[in-house]
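One file, my_file-v5.txt, carrying compact mmCIF, C-alpha atoms:
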```txt
# COMPACT_ATOMS: atom_id res chain seq x y z
CA MET A 1 240.84 160.03 187.95
CA THR A 2 239.29 163.28 189.20
CA ASN A 3 237.12 165.05 186.62
CA ILE A 4 237.11 168.86 186.79
CA ILE A 5 235.17 171.71 185.23
CA ILE A 6 236.76 175.15 184.93
CA THR A 7 234.53 178.22 185.12
CA GLY A 8 236.00 181.43 183.77
CA SER A 9 237.83 179.29 181.22
CA LYS A 10 238.48 182.16 178.79
CA GLY A 11 240.01 184.47 181.39
CA ARG A 12 243.70 184.78 182.24
CA MET A 13 243.55 182.22 185.03
CA GLY A 14 241.20 179.95 183.11
CA LYS A 15 243.66 179.75 180.24
CA ALA A 16 246.51 179.05 182.67
CA LEU A 17 244.51 176.23 184.26
CA LEU A 18 243.81 174.66 180.87
CA ALA A 19 247.49 174.90 179.92
CA CYS A 20 248.68 173.32 183.18
CA ALA A 21 246.01 170.64 183.57
CA PRO A 22 247.62 168.11 181.15
CA HIS A 23 250.64 167.92 183.47
CA HIS A 24 248.41 166.66 186.31
CA HIS A 25 247.81 163.08 185.24
CA GLU A 26 245.24 162.36 187.96
CA LEU A 27 242.98 165.14 186.66
CA GLU A 28 240.87 165.42 183.52
CA VAL A 29 239.12 168.56 182.31
CA VAL A 30 235.58 167.59 181.30
CA GLY A 31 234.09 171.05 180.95
CA GLN A 32 235.07 174.63 180.09
CA ILE A 33 232.53 177.25 181.14
CA ASP A 34 232.59 180.97 180.51
CA GLN A 35 230.12 183.84 180.28
CA GLY A 36 226.99 182.73 178.45
CA ASP A 37 227.57 179.00 179.04
CA ASP A 38 225.33 176.90 181.30
CA LEU A 39 227.26 175.02 183.99
CA GLY A 40 224.13 173.00 184.77
CA THR A 41 224.33 171.16 181.45
CA VAL A 42 227.75 169.63 182.19
CA ILE A 43 228.17 169.60 185.99
CA ALA A 44 227.07 165.97 186.27
CA ARG A 45 230.28 164.93 184.48
CA SER A 46 232.54 166.42 187.13
CA ASP A 47 233.87 165.63 190.58
CA VAL A 48 235.18 169.15 191.25
CA VAL A 49 234.44 172.62 189.86
CA ILE A 50 237.25 175.20 189.84
CA ASP A 51 235.84 178.73 189.83
CA PHE A 52 237.87 181.61 188.42
CA SER A 53 234.90 183.44 186.94
CA SER A 54 233.55 186.57 188.66
CA HIS A 55 232.68 187.43 192.24
CA ASP A 56 229.01 187.85 191.37
CA ALA A 57 228.82 184.36 189.84
CA THR A 58 230.48 182.29 192.56
CA ALA A 59 227.51 182.01 194.93
CA ALA A 60 225.24 180.55 192.24
CA ILE A 61 228.04 178.16 191.22
CA ALA A 62 228.44 177.05 194.86
CA GLU A 63 224.71 176.44 195.18
CA LEU A 64 224.67 174.39 191.97
CA CYS A 65 227.66 172.36 193.19
CA ALA A 66 225.87 171.69 196.48
CA THR A 67 222.73 170.55 194.65
CA HIS A 68 224.77 168.06 192.61
CA GLY A 69 227.19 167.04 195.38
CA LYS A 70 230.32 168.37 193.64
CA ALA A 71 233.38 169.78 195.42
CA LEU A 72 234.31 173.40 194.71
CA VAL A 73 237.61 175.27 194.51
CA VAL A 74 237.11 179.05 194.65
CA GLY A 75 239.84 181.25 193.21
CA THR A 76 237.69 184.29 192.44
CA THR A 77 238.15 187.34 194.67
CA GLY A 78 236.26 190.56 195.37
CA HIS A 79 233.14 189.06 197.02
CA ASP A 80 231.04 191.23 199.31
CA GLU A 81 229.76 189.96 202.67
CA ALA A 82 226.42 188.76 201.29
CA GLU A 83 228.17 186.77 198.54
CA LYS A 84 230.60 185.28 201.04
CA SER A 85 227.73 184.17 203.26
CA ARG A 86 225.92 182.44 200.39
CA ILE A 87 229.10 180.59 199.40
CA THR A 88 230.21 179.48 202.87
CA HIS A 89 226.69 178.25 203.65
CA GLN A 90 227.22 175.46 201.11
CA ALA A 91 230.24 174.11 203.02
CA SER A 92 227.85 172.09 205.18
CA HIS A 93 226.94 170.11 202.05
CA ILE A 94 230.16 169.92 200.00
CA PRO A 95 233.91 170.43 200.45
CA ILE A 96 234.89 173.97 199.45
CA VAL A 97 238.50 175.08 199.16
CA TRP A 98 238.55 178.87 199.20
CA SER A 99 241.84 180.71 199.11
CA SER A 100 242.80 184.20 198.03
CA ASN A 101 245.93 182.74 196.46
CA TYR A 102 246.79 179.16 195.44
CA SER A 103 250.53 179.67 195.05
CA THR A 104 252.64 177.45 197.31
CA GLY A 105 255.04 180.35 197.74
CA VAL A 106 252.30 182.78 198.77
CA ASN A 107 250.92 180.31 201.27
CA THR A 108 254.41 180.05 202.69
CA LEU A 109 254.32 183.86 202.90
CA PHE A 110 251.05 183.62 204.86
CA TRP A 111 252.71 181.24 207.32
CA LEU A 112 255.85 183.36 207.64
CA THR A 113 253.80 186.54 208.12
CA ARG A 114 251.98 185.03 211.08
CA LYS A 115 255.20 183.78 212.64
CA ALA A 116 257.00 187.09 212.12
CA ALA A 117 254.12 189.04 213.64
CA GLU A 118 254.12 186.75 216.66
CA ILE A 119 257.89 186.94 217.13
CA LEU A 120 258.33 190.68 216.51
CA GLY A 121 255.43 191.70 218.71
CA PRO A 122 253.46 194.94 219.01
CA ASP A 123 256.35 197.42 218.66
CA TYR A 124 256.54 197.08 214.88
CA ASP A 125 254.45 199.12 212.44
CA LEU A 126 252.66 196.91 209.90
CA GLU A 127 252.21 197.71 206.20
CA VAL A 128 251.12 195.59 203.23
CA VAL A 129 251.96 196.65 199.65
CA GLU A 130 250.70 194.83 196.57
CA MET A 131 251.12 195.41 192.83
CA HIS A 132 249.18 193.85 189.97
CA HIS A 133 248.61 194.34 186.25
CA ARG A 134 246.62 197.32 185.05
CA LEU A 135 243.56 195.20 184.16
CA LYS A 136 242.88 193.91 187.68
CA LYS A 137 239.44 195.08 188.77
CA ASP A 138 239.46 194.78 192.57
CA ALA A 139 241.71 196.45 195.12
CA PRO A 140 243.30 195.59 197.37
CA SER A 141 244.01 192.10 196.09
CA GLY A 142 242.52 189.13 197.89
CA THR A 143 246.03 188.10 198.88
CA ALA A 144 246.75 191.49 200.42
CA LYS A 145 243.50 191.27 202.37
CA SER A 146 244.52 187.83 203.64
CA LEU A 147 247.91 189.14 204.74
CA ALA A 148 246.30 192.06 206.55
CA GLU A 149 243.78 189.72 208.18
CA ILE A 150 246.63 187.54 209.47
CA LEU A 151 248.32 190.58 210.98
CA ALA A 152 245.06 191.73 212.57
CA ASP A 153 244.42 188.26 213.94
CA VAL A 154 247.83 188.14 215.62
CA ARG A 155 247.23 191.61 217.08
CA LYS A 156 243.73 190.50 218.18
CA VAL A 157 242.01 193.45 216.48
CA GLN A 158 239.31 193.80 213.83
CA LEU A 159 240.88 194.65 210.48
CA ALA A 160 237.99 196.92 209.51
CA GLU A 161 238.78 199.10 212.53
CA VAL A 162 242.54 199.45 211.95
CA ALA A 163 243.08 199.19 208.18
CA ARG A 164 244.46 202.33 206.48
CA HIS A 165 244.05 202.18 202.71
CA GLY A 166 246.57 204.69 201.42
CA ARG A 167 247.36 208.12 202.84
CA GLU A 168 246.84 211.58 201.43
CA GLY A 169 247.07 215.06 202.89
CA ILE A 170 247.66 215.97 206.52
CA VAL A 171 246.69 212.65 208.05
CA GLY A 172 248.66 213.06 211.27
CA GLU A 173 251.22 210.73 212.75
CA ARG A 174 250.88 207.05 212.12
CA THR A 175 249.12 205.29 214.97
CA THR A 176 250.53 202.12 216.50
CA ALA A 177 247.29 200.28 215.85
CA GLU A 178 246.83 200.85 212.13
CA ILE A 179 247.69 198.33 209.43
CA GLY A 180 248.49 200.01 206.13
CA VAL A 181 247.27 198.39 202.91
CA HIS A 182 248.40 199.87 199.60
CA SER A 183 247.58 198.89 196.02
CA VAL A 184 249.70 199.65 192.95
CA ARG A 185 248.54 198.95 189.39
CA GLY A 186 250.50 198.91 186.14
CA GLY A 187 251.74 196.95 183.18
CA ASP A 188 251.47 193.17 183.16
CA VAL A 189 252.58 192.43 186.74
CA VAL A 190 251.21 189.00 187.71
CA GLY A 191 251.34 189.71 191.44
CA ASP A 192 253.80 191.17 193.96
CA HIS A 193 253.15 191.26 197.71
CA THR A 194 255.31 192.68 200.48
CA VAL A 195 254.65 192.72 204.22
CA ILE A 196 256.67 195.36 206.08
CA PHE A 197 257.47 195.24 209.81
CA ALA A 198 259.11 198.56 210.74
CA THR A 199 260.39 199.83 214.07
CA ASN A 200 263.04 202.25 215.27
CA GLY A 201 266.41 201.06 214.01
CA GLU A 202 265.34 198.20 211.74
CA ARG A 203 262.84 196.92 209.21
CA VAL A 204 261.86 193.38 208.21
CA GLU A 205 260.27 192.79 204.80
CA LEU A 206 258.74 189.58 203.51
CA THR A 207 258.14 189.57 199.75
CA HIS A 208 256.68 187.21 197.19
CA LYS A 209 256.79 187.98 193.46
CA ALA A 210 254.96 185.90 190.89
CA SER A 211 256.28 185.90 187.34
CA SER A 212 253.80 183.41 185.91
CA ARG A 213 250.16 182.51 186.55
CA ASP A 214 251.19 178.87 186.29
CA THR A 215 252.11 178.88 189.98
CA PHE A 216 248.50 179.80 190.87
CA ALA A 217 247.04 177.39 188.34
CA ASN A 218 249.10 174.43 189.53
CA GLY A 219 248.14 175.17 193.12
CA ALA A 220 244.44 175.34 192.26
CA LEU A 221 244.69 172.04 190.38
CA ARG A 222 246.43 170.49 193.38
CA ALA A 223 243.60 171.82 195.56
CA ALA A 224 241.00 170.29 193.23
CA LEU A 225 242.59 166.85 193.51
CA TRP A 226 242.67 167.22 197.31
CA ALA A 227 239.12 168.60 197.58
CA GLY A 228 237.64 165.67 195.70
CA LYS A 229 238.68 163.38 198.57
CA GLN A 230 237.44 165.50 201.50
CA ARG A 231 234.31 165.59 203.62
CA PRO A 232 232.04 168.65 203.46
CA GLY A 233 233.60 171.71 205.05
CA LEU A 234 235.34 175.00 204.38
CA TYR A 235 239.06 174.68 203.68
CA ASP A 236 241.88 176.82 202.34
CA MET A 237 245.25 176.24 200.70
CA GLN A 238 246.92 175.95 204.10
CA ASP A 239 244.82 172.81 204.63
CA VAL A 240 245.77 171.47 201.20
CA LEU A 241 249.49 171.96 201.95
CA GLY A 242 249.26 170.60 205.51
CA LEU A 243 250.46 173.88 207.05
CA LYS A 244 247.83 173.96 209.80
```

Starting from the file, give its structure as structure tokens.
Amino acid sequence: MTNIIITGSKGRMGKALLACAPHHHELEVVGQIDQGDDLGTVIARSDVVIDFSSHDATAAIAELCATHGKALVVGTTGHDEAEKSRITHQASHIPIVWSSNYSTGVNTLFWLTRKAAEILGPDYDLEVVEMHHRLKKDAPSGTAKSLAEILADVRKVQLAEVARHGREGIVGERTTAEIGVHSVRGGDVVGDHTVIFATNGERVELTHKASSRDTFANGALRAALWAGKQRPGLYDMQDVLGLK
């Protein structure tokens, strides 16, 4: 049995994790932590901590996990570079699974996006469009960033140098190098992501649409079970699914 603690337990994803956990018979939830609670008082009970709290809390959670030798699954997004550095530093002490999206379908989209970019080559214009519910705080989504990073990696360019976040006014013709990233917000959309490959005469679109947070929750729980058996290191959902 793998004992888990969920941080951010009162949020949308936290509630989904708690609802889905009973269906994973090899896991047991031994702690529910949210704002104002002290993870340090219960962390000793766990094997793995699943973090869906807030970007500014993850680094401290990672450091506490490292101190106690507990694996960590990070589902929170929106971290800045300093926060990312603090978190990844702990991977030398504990296994950390860190993915922008724990859906099996989205991770298939990651794989397909890389393959499509490799096959189609440099003559296709690249655009990423994502839509989420009106309450989402960060933009673009972590998943959209991951998709854009995959495209940039295949093109062997730095995303920060070629990303175009929306267009307004007389911006000139689209360059061949840029990768468009566009965020749409409204209603209760769980998460839609589309990668567009467009060239003269044809267009290829790869789309994933999530209708329930359960797909993310079940993936994160699967990652927790996997992480509890790994050596220290930094992993993602592609590792969990054996797609690498």

Restricting to all atoms listed in the file, whichever of A:Leu243, A:Ala116, A:Val29, A:Ile170 is closest to Leu206 (chain A) is A:Ala116

Quick one: axis-aligned box around all listed atoms of region 116-122 of chain A, 8 Å on every side, centre and edge lengths in Å to one decimal, written as AutoDock Vina command-line options.
```
--center_x 255.9 --center_y 190.8 --center_z 215.6 --size_x 20.9 --size_y 24.2 --size_z 22.9
```

Practice problem: Would you please work out which residue, of A:Thr88, A:Gln32, A:Ser9, A:Thr176, is nearest to Ser54 (chain A) when using all atoms listed in the file? | Solution: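 Closest to Ser54 (chain A), using all atoms listed in the file: A:Ser9.
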
Please identify all polymer residues within 7 Å of Gly166 (chain A), counting all atoms listed in the file, omitting same-chain residues fewer than 6 positions from it, and present them as JSON, numbers by chain. {"A": [180, 181, 182]}

TODO: Using all atoms listed in the file, find the one residue out of A:Lys229, A:Lys70, A:Lys115, A:Arg213 that sits nearest to Gly14 (chain A).
DONE: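 Among A:Lys229, A:Lys70, A:Lys115, A:Arg213, it is A:Arg213 that comes nearest to Gly14 (chain A).
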
Using only C-alpha atoms, which residues sit within 7 Å of Ser99 (chain A) once same-chain residues fewer than 4 positions away are excluded, as a ChimeraX atom specification? /A:74-75,236-237

Review point. How far is it from CA of Ser85 (chain A) to CA of Ala57 (chain A), in Å with one decimal?
Key: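 CA of Ala57 (chain A) lies at a distance of 13.5 Å from CA of Ser85 (chain A).
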
* Name the residues within 6 Å of (226.7, 183.0, 196.5), counting all atoms listed in the file in the file's coordinates, and put them as a PyMOL selection string. => chain A and resi 58-60+83+86-87
